[in-house]
Amino acid sequence: MCVSRKRLTRSRQVQAGNGSRPTRDAAAAALYILVVSVADLHHLQRRSRAAHIMSNGRHLGKGSATPNVPEDGILRLYSMRFCPFAQRVHLVLDAKQIPYHSIYINLTEKPDWLLDKNPQGKVPALELVREPGPPVLTESLLICEYLDEQYPLRPLYPRDPLKKVQERLLIERFNSVLGAFFRASDGGDLEPFWCGLDTYEKELSRRCTDFFGGEQTGILDYMIWPWCERLELLKLQRADDYNFDERRFPQLSQWVERMKRDPAVMAFYMEAEVQAEFLRTRSAGKPNYNLLVKEA
């Protein structure tokens, strides 16, 4: 759609430069380009929903056959349903309505064919099936940045170079917050995690917007969301020790409620009780990756 609109604009500029009025044929051609582009976008949106729905959430493990995914040119995301880093990529794909197939992996007993595609055996991993190779991208932040540049509709990063760098710095800074979250989840001190969130409370207050991305969600919203979604999990884990203070985090508290209504967040949202049950099975040495699988 973006390419077609550029062509339409260029056509009008040439006609204006020649001092002539658009011909009937040129106007008809421009209208055809725009109509076809809109139809293509709607087709992609329908395919995106279908591609995401086709996975039943079952995680493939050692001894499993290579998944029978259609050779349709659609991206393939190797993921794990309970992984917050993989969740980042799902959020971006869904927010931008990019068609993709989800292939969930048992990370305890990885299938042999996964290592052929991705020797690191990591998730998330995005297979670019239309590219020669095809290449497989890893690391959630790099994948998300690639997707935002490759699919310019519904941009998530700011287009201004300075603002883009500032957003990257805030995302990188969140790495220390992740460490504090995981330590708190394991029974450590909660205060370092709250201190880490202080930065984002102040930043959202400074921006005076509903989301970090402005009036709609942006890249920073989606990159930090998986751990903010897990505040309810932390509350379950810490019980009486949990001391999240809405007076300390008034902006983030409202932001969390807005994020829960975001379509991309809703598409991958998981109740805290389910997350807690998965962690319980993992701690027992038998992680149940297929908690969400509904048998036919």
# chains A, B, ... in the order shown; residues from 1 in each chain; ligands from 1
>>> closest_atom_pairs(of="region 207-274 of chain A", to="region 138-151 of chain A", cutoff="10 Å", atoms="only C-alpha atoms", output="tab-separated table")
residue	atom	partner	partner_atom	distance
A:Ile219	CA	A:Cys144	CA	8.4
A:Tyr222	CA	A:Cys144	CA	9.8
A:Met223	CA	A:Leu141	CA	7.9
>>> write_last_selection(atoms="all heavy atoms", output="compact mmCIF listing (two decimals), in the first residue's frame")
# COMPACT_ATOMS: atom_id res chain seq x y z
N ILE A 219 6.98 0.78 20.12
CA ILE A 219 7.93 -0.31 20.35
C ILE A 219 8.28 -0.46 21.83
O ILE A 219 8.39 -1.58 22.35
CB ILE A 219 9.21 -0.12 19.50
CG1 ILE A 219 10.05 -1.39 19.49
CG2 ILE A 219 10.02 1.09 19.98
CD1 ILE A 219 9.41 -2.55 18.76
N TYR A 222 5.62 -2.42 23.79
CA TYR A 222 5.61 -3.87 23.56
C TYR A 222 6.87 -4.56 24.11
O TYR A 222 6.81 -5.71 24.52
CB TYR A 222 5.46 -4.16 22.08
CG TYR A 222 4.07 -3.85 21.55
CD1 TYR A 222 3.89 -3.09 20.40
CD2 TYR A 222 2.93 -4.31 22.22
CE1 TYR A 222 2.63 -2.81 19.92
CE2 TYR A 222 1.66 -4.02 21.75
CZ TYR A 222 1.51 -3.26 20.59
OH TYR A 222 0.25 -2.98 20.13
N MET A 223 8.00 -3.86 24.11
CA MET A 223 9.23 -4.50 24.58
C MET A 223 9.26 -4.69 26.10
O MET A 223 9.91 -5.60 26.60
CB MET A 223 10.46 -3.71 24.13
CG MET A 223 10.67 -3.70 22.61
SD MET A 223 10.79 -5.33 21.82
CE MET A 223 9.09 -5.59 21.25
>>> residues_around(residues="Ala184 (chain A)", least_positions_apart="5", cutoff="9 Å", atoms="only C-alpha atoms", output="ChimeraX atom specification")
/A:179,189-193,234,238
>>> select_by_dssp(residues="region 60-262 of chain A", states="strand (DSSP E or B)", output="ChimeraX atom specification")
/A:60,75-79,100-105,125-127,136-138,211,214
>>> write_last_selection(atoms="N, CA and C atoms", output="compact mmCIF listing (two decimals), in the first residue's frame")
# COMPACT_ATOMS: atom_id res chain seq x y z
N LEU A 60 6.53 -28.84 20.14
CA LEU A 60 7.17 -29.99 19.50
C LEU A 60 8.51 -30.27 20.18
N LEU A 75 6.00 -15.89 7.01
CA LEU A 75 7.02 -16.01 8.05
C LEU A 75 6.71 -17.15 9.01
N ARG A 76 7.77 -17.77 9.54
CA ARG A 76 7.62 -18.84 10.53
C ARG A 76 8.33 -18.43 11.81
N LEU A 77 7.57 -18.37 12.88
CA LEU A 77 8.12 -17.98 14.17
C LEU A 77 8.23 -19.21 15.06
N TYR A 78 9.47 -19.55 15.44
CA TYR A 78 9.72 -20.64 16.39
C TYR A 78 9.70 -20.01 17.78
N SER A 79 8.81 -20.50 18.61
CA SER A 79 8.48 -19.79 19.84
C SER A 79 8.29 -20.76 20.99
N TYR A 100 1.96 -14.79 9.89
CA TYR A 100 3.02 -15.67 10.37
C TYR A 100 2.45 -16.97 10.90
N HIS A 101 3.28 -18.01 10.84
CA HIS A 101 2.94 -19.30 11.42
C HIS A 101 3.70 -19.44 12.74
N SER A 102 3.00 -19.84 13.80
CA SER A 102 3.64 -20.10 15.09
C SER A 102 4.00 -21.58 15.20
N ILE A 103 5.27 -21.85 15.51
CA ILE A 103 5.73 -23.22 15.73
C ILE A 103 6.34 -23.25 17.12
N TYR A 104 5.66 -23.91 18.06
CA TYR A 104 6.09 -23.89 19.46
C TYR A 104 7.05 -25.03 19.76
N ILE A 105 8.07 -24.73 20.56
CA ILE A 105 9.17 -25.65 20.79
C ILE A 105 9.27 -26.02 22.28
N ALA A 125 12.90 -17.41 17.24
CA ALA A 125 13.67 -17.47 16.00
C ALA A 125 12.69 -17.28 14.86
N LEU A 126 13.02 -16.39 13.95
CA LEU A 126 12.12 -16.06 12.84
C LEU A 126 12.75 -16.51 11.53
N GLU A 127 12.06 -17.41 10.84
CA GLU A 127 12.53 -17.91 9.55
C GLU A 127 11.94 -17.06 8.43
N VAL A 136 17.51 -17.42 9.33
CA VAL A 136 16.74 -17.47 10.57
C VAL A 136 17.31 -16.43 11.52
N LEU A 137 16.48 -15.49 11.94
CA LEU A 137 16.90 -14.44 12.85
C LEU A 137 16.62 -14.85 14.29
N THR A 138 17.53 -14.50 15.19
CA THR A 138 17.32 -14.74 16.62
C THR A 138 17.51 -13.42 17.37
N PHE A 211 0.28 6.02 26.03
CA PHE A 211 1.27 4.97 25.84
C PHE A 211 2.64 5.60 25.62
N GLY A 214 2.86 7.20 22.34
CA GLY A 214 1.99 8.35 22.08
C GLY A 214 0.55 7.99 22.37
>>> closest_residue(among="A:Asp186, A:Arg248, A:Gly196, A:Cys228", to="Arg280 (chain A)", atoms="only C-alpha atoms")
A:Asp186
>>> closest_residue(among="A:Lys235, A:Arg173, A:Arg230, A:Arg159", to="Phe82 (chain A)", atoms="only C-alpha atoms")
A:Arg230
>>> residues_around(residues="Lys62 (chain A)", least_positions_apart="3", cutoff="12 Å", atoms="only C-alpha atoms", output="PyMOL selection string")
chain A and resi 59+65-66+105-115
>>> write_last_selection(atoms="N, CA and C atoms", output="JSON list (two decimals), in the first residue's frame")
[["chain", "number", "residue", "atom", "x", "y", "z"],
["A", 59, "HIS", "N", 3.63, -27.90, 21.80],
["A", 59, "HIS", "CA", 5.07, -27.71, 21.67],
["A", 59, "HIS", "C", 5.73, -28.99, 21.15],
["A", 65, "ALA", "N", 8.35, -35.01, 14.23],
["A", 65, "ALA", "CA", 8.62, -34.78, 12.81],
["A", 65, "ALA", "C", 8.70, -33.29, 12.53],
["A", 66, "THR", "N", 9.38, -32.94, 11.46],
["A", 66, "THR", "CA", 9.41, -31.55, 11.02],
["A", 66, "THR", "C", 7.97, -31.09, 10.76],
["A", 105, "ILE", "N", 8.07, -24.73, 20.56],
["A", 105, "ILE", "CA", 9.17, -25.65, 20.79],
["A", 105, "ILE", "C", 9.27, -26.02, 22.28],
["A", 106, "ASN", "N", 9.44, -27.31, 22.53],
["A", 106, "ASN", "CA", 9.76, -27.82, 23.87],
["A", 106, "ASN", "C", 11.25, -27.55, 24.10],
["A", 107, "LEU", "N", 11.57, -26.60, 24.94],
["A", 107, "LEU", "CA", 12.96, -26.19, 25.12],
["A", 107, "LEU", "C", 13.75, -27.13, 26.01],
["A", 108, "THR", "N", 13.07, -28.03, 26.71],
["A", 108, "THR", "CA", 13.76, -29.01, 27.54],
["A", 108, "THR", "C", 14.27, -30.17, 26.69],
["A", 109, "GLU", "N", 13.46, -30.59, 25.73],
["A", 109, "GLU", "CA", 13.83, -31.66, 24.80],
["A", 109, "GLU", "C", 13.59, -31.16, 23.38],
["A", 110, "LYS", "N", 14.56, -30.43, 22.87],
["A", 110, "LYS", "CA", 14.38, -29.77, 21.57],
["A", 110, "LYS", "C", 14.40, -30.79, 20.43],
["A", 111, "PRO", "N", 13.56, -30.59, 19.43],
["A", 111, "PRO", "CA", 13.58, -31.48, 18.26],
["A", 111, "PRO", "C", 14.87, -31.31, 17.48],
["A", 112, "ASP", "N", 15.35, -32.42, 16.89],
["A", 112, "ASP", "CA", 16.62, -32.38, 16.15],
["A", 112, "ASP", "C", 16.55, -31.42, 14.97],
["A", 113, "TRP", "N", 15.40, -31.36, 14.31],
["A", 113, "TRP", "CA", 15.29, -30.52, 13.11],
["A", 113, "TRP", "C", 15.43, -29.03, 13.43],
["A", 114, "LEU", "N", 15.18, -28.65, 14.68],
["A", 114, "LEU", "CA", 15.32, -27.23, 15.05],
["A", 114, "LEU", "C", 16.77, -26.79, 14.91],
["A", 115, "LEU", "N", 17.70, -27.65, 15.29],
["A", 115, "LEU", "CA", 19.12, -27.30, 15.24],
["A", 115, "LEU", "C", 19.61, -27.17, 13.80]]
>>> residues_around(residues="Met266 (chain A)", least_positions_apart="4", cutoff="12 Å", atoms="only C-alpha atoms", output="list in words")
Gln87, His90, Leu91, Asp94, Ala95, Trp225, Pro226, Glu229, Glu257, Arg258, Met259, Lys260, Arg261, Asp262, Met270 and Glu271 of chain A
>>> write_last_selection(atoms="N, CA and C atoms", output="PDB file, in the first residue's frame")
ATOM      1  N   GLN A  87       7.367 -13.590  23.451  1.00  0.00           N
ATOM      2  CA  GLN A  87       6.140 -12.796  23.473  1.00  0.00           C
ATOM      3  C   GLN A  87       6.348 -11.437  22.814  1.00  0.00           C
ATOM      4  N   HIS A  90       5.766 -11.914  19.107  1.00  0.00           N
ATOM      5  CA  HIS A  90       4.335 -12.100  18.831  1.00  0.00           C
ATOM      6  C   HIS A  90       3.602 -10.761  18.876  1.00  0.00           C
ATOM      7  N   LEU A  91       3.923  -9.953  19.875  1.00  0.00           N
ATOM      8  CA  LEU A  91       3.263  -8.660  20.020  1.00  0.00           C
ATOM      9  C   LEU A  91       3.484  -7.777  18.792  1.00  0.00           C
ATOM     10  N   ASP A  94       1.645  -9.218  15.692  1.00  0.00           N
ATOM     11  CA  ASP A  94       0.204  -9.020  15.781  1.00  0.00           C
ATOM     12  C   ASP A  94      -0.171  -7.539  15.675  1.00  0.00           C
ATOM     13  N   ALA A  95       0.631  -6.676  16.283  1.00  0.00           N
ATOM     14  CA  ALA A  95       0.342  -5.240  16.218  1.00  0.00           C
ATOM     15  C   ALA A  95       0.412  -4.732  14.783  1.00  0.00           C
ATOM     16  N   TRP A 225       6.288  -4.809  27.963  1.00  0.00           N
ATOM     17  CA  TRP A 225       5.015  -5.357  28.419  1.00  0.00           C
ATOM     18  C   TRP A 225       5.093  -6.770  29.000  1.00  0.00           C
ATOM     19  N   PRO A 226       5.805  -7.733  28.388  1.00  0.00           N
ATOM     20  CA  PRO A 226       5.754  -9.097  28.925  1.00  0.00           C
ATOM     21  C   PRO A 226       6.048  -9.191  30.416  1.00  0.00           C
ATOM     22  N   GLU A 229       3.065  -7.538  32.317  1.00  0.00           N
ATOM     23  CA  GLU A 229       1.958  -8.491  32.368  1.00  0.00           C
ATOM     24  C   GLU A 229       2.145  -9.461  33.529  1.00  0.00           C
ATOM     25  N   GLU A 257      -3.566  -1.126  32.564  1.00  0.00           N
ATOM     26  CA  GLU A 257      -4.976  -1.388  32.243  1.00  0.00           C
ATOM     27  C   GLU A 257      -5.274  -1.083  30.779  1.00  0.00           C
ATOM     28  N   ARG A 258      -4.658  -0.025  30.253  1.00  0.00           N
ATOM     29  CA  ARG A 258      -4.847   0.273  28.821  1.00  0.00           C
ATOM     30  C   ARG A 258      -4.233  -0.819  27.952  1.00  0.00           C
ATOM     31  N   MET A 259      -3.050  -1.277  28.343  1.00  0.00           N
ATOM     32  CA  MET A 259      -2.374  -2.302  27.568  1.00  0.00           C
ATOM     33  C   MET A 259      -3.179  -3.599  27.519  1.00  0.00           C
ATOM     34  N   LYS A 260      -3.867  -3.917  28.580  1.00  0.00           N
ATOM     35  CA  LYS A 260      -4.666  -5.143  28.608  1.00  0.00           C
ATOM     36  C   LYS A 260      -5.788  -5.121  27.570  1.00  0.00           C
ATOM     37  N   ARG A 261      -6.153  -3.916  27.113  1.00  0.00           N
ATOM     38  CA  ARG A 261      -7.209  -3.784  26.100  1.00  0.00           C
ATOM     39  C   ARG A 261      -6.655  -3.686  24.685  1.00  0.00           C
ATOM     40  N   ASP A 262      -5.333  -3.702  24.558  1.00  0.00           N
ATOM     41  CA  ASP A 262      -4.707  -3.627  23.232  1.00  0.00           C
ATOM     42  C   ASP A 262      -4.910  -4.951  22.500  1.00  0.00           C
ATOM     43  N   MET A 270      -1.880 -14.127  28.911  1.00  0.00           N
ATOM     44  CA  MET A 270      -1.980 -15.365  29.677  1.00  0.00           C
ATOM     45  C   MET A 270      -2.253 -15.035  31.149  1.00  0.00           C
ATOM     46  N   GLU A 271      -3.224 -15.712  31.704  1.00  0.00           N
ATOM     47  CA  GLU A 271      -3.567 -15.492  33.106  1.00  0.00           C
ATOM     48  C   GLU A 271      -2.390 -15.882  34.018  1.00  0.00           C
TER      49      GLU A 271
END
>>> atom_distance(atom1="CA of Pro135 (chain A)", atom2="CA of Asn118 (chain A)")
9.1 Å
